[in-house]
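Reading through the structure tokens given below for one structure.
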Amino acid sequence: MTLRTIVTTPEPVLRRKARPVTKFDDKLQTLIDDMVETMREAPGVGLAAPQIGISERIIVVEYFENEEDEDSEEAESAPKKLYAIINPEITRTSPEKEVAPEGCLSIPGLLGEVERHLGVTVKGQNRRGQPVTLKLKGWVARIFQHEIDHLNGVLFTDLATRVWKPEEPIEDKV
Ligand code: CO
């Protein structure tokens, strides 16, 4: 596996609409493995292919399954869920929305208040090309909305009602 370089604004690839993946070959498997390694190293909880300069519809997401356990002693043993989703699409959104702060690996040093749907249904393919449907709520639903925006050239600063430079290091960037 190879660490890839995360590109930052104003890199044009971040503003491009990424193309669908059609070949589920070895090259794709390597790319996904590299994305996972790059996300973990950053560290981040989500990464979209355009963030490493590749304009293809691929996202990886990794988060603690039980959010509440994150800061507790069980955090070490709490299971982490890893997703690699190809050609993801949001097919349903909940009417309920939630505003929360978001940071991005491609926009270092900034946080923004972003309104997101509380729940989304995502359809796409797994790394072998098999269809998957995910029903997501809360924090993970927010990560997926952020990553899928990346595939359409949209950044959180486009949506944020307020953007600021926090004093503390930003956690859970995506
Ligand atoms: Co991002």
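Ligands are numbered from 1 in the order shown, chains are lettered A, B, ... in the order of the structure tokens, and residues start at 1 in each chain.
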
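Residues in contact with Thr22 of chain A at up to 10 Å, not including ones fewer than 4 positions away on its chain and judged by only C-alpha atoms, are Leu28, Glu56, Arg57, Ile86, Asn87 and Gly129 of chain A.
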
Enumerate as number ranges by chain the residues within 7 Å of ligand 1, counting only C-alpha atoms and all ligand atoms. A: 47, 103-106, 146-147, 150, 155, 173-174

Just write the chosen residues, C-alpha atoms, as a CSV table (one decimal), in the first residue's frame.
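What ended up in out25.csv:
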```
chain,number,residue,atom,x,y,z
A,47,LEU,CA,-11.9,10.4,2.0
A,103,GLY,CA,-13.8,20.0,8.8
A,104,CYS,CA,-12.2,18.7,5.6
A,105,LEU,CA,-8.8,17.2,4.9
A,106,SER,CA,-8.7,19.3,1.7
A,146,HIS,CA,-19.7,15.3,2.8
A,147,GLU,CA,-17.8,12.6,0.8
A,150,HIS,CA,-16.7,15.8,-3.1
A,155,LEU,CA,-17.0,21.6,-0.6
A,173,LYS,CA,-11.8,15.5,9.3
A,174,VAL,CA,-13.4,14.1,6.1
```

Can you work out the spacing between atom CA of Tyr63 of chain A and atom CA of Val140 of chain A in Å, to one decimal?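 It comes out at 7.4 Å.
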
Residues within 7 Å of Arg116 of chain A, please, as a count of residues only. Count only C-alpha atoms; anything in the same chain fewer than 3 positions from it doesn't count. 4

Could you pull the residues within 6 Å of segment 1-8 of chain A, counting only C-alpha atoms, minus those fewer than 3 positions along the same chain, as an MDAnalysis selection string? chainID A and resid 11 34 38 51:52 106:107

Expected file contents, prior selection, C-alpha atoms, as a CSV table (one decimal), in the first residue's frame:
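Contents of selection_23.csv, as written:
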```
chain,number,residue,atom,x,y,z
A,11,GLU,CA,-6.7,22.4,-6.6
A,34,ASP,CA,-4.2,3.3,-0.7
A,38,THR,CA,-4.1,7.7,3.4
A,51,GLN,CA,-9.0,14.4,-2.5
A,52,ILE,CA,-6.0,12.4,-3.8
A,106,SER,CA,-8.7,19.3,1.7
A,107,ILE,CA,-9.4,22.6,3.5
```

What gap, in Å, lies between atom CA of Leu110 of chain A and atom CA of Pro79 of chain A? 28.8 Å

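Between atom CA of Val163 of chain A and atom CA of Val36 of chain A lies a distance of 27.7 Å.
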
Extract, using only C-alpha atoms, all DNA, RNA and protein residues at most 8 Å from Leu151 of chain A, discarding same-chain residues fewer than 4 positions from it, and format them as JSON, numbers by chain. {"A": [16, 17, 18, 48, 49, 50, 55, 56, 57, 58, 147]}

Using only C-alpha atoms, determine which residues lie at most 9 Å from Tyr83 of chain A, disregarding the query and same-chain residues fewer than 4 positions distant; provide the list as a list in words. Ile59, Val60, Val61, Glu62 and Asn126 of chain A

Using DSSP assignments from the backbone, pull out every residue in chain A that falls under alpha helix (DSSP H) and give it to me as number ranges by chain. A: 26-41, 139-151, 156-159

Pull the strand (DSSP E) assignments for segment 55-166 of chain A out of DSSP run on the backbone, and list those residues as a PyMOL selection string. chain A and resi 58-64+80-93+97-104+107-117+119-125+131-137+162-164

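Restricting the calculation to only C-alpha atoms, the smallest distance between Leu111 of chain A and any of A:Met35, A:Val21, A:Arg15, A:Ile170 is found for A:Ile170.
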
Please provide the set of residues having any atom within 12 Å of Ile90 of chain A, restricted to only C-alpha atoms, with same-chain residues fewer than 4 positions apart removed, written as a PyMOL selection string. chain A and resi 85+94+117+119-124+132-136+141-142+144-149+151

From the options A:Gly46, A:Gly53, A:Lys165, A:Lys137, which residue's atoms come nearest to Pro101 of chain A, counting only C-alpha atoms?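 Using only C-alpha atoms, the shortest distance to Pro101 of chain A belongs to A:Lys165.
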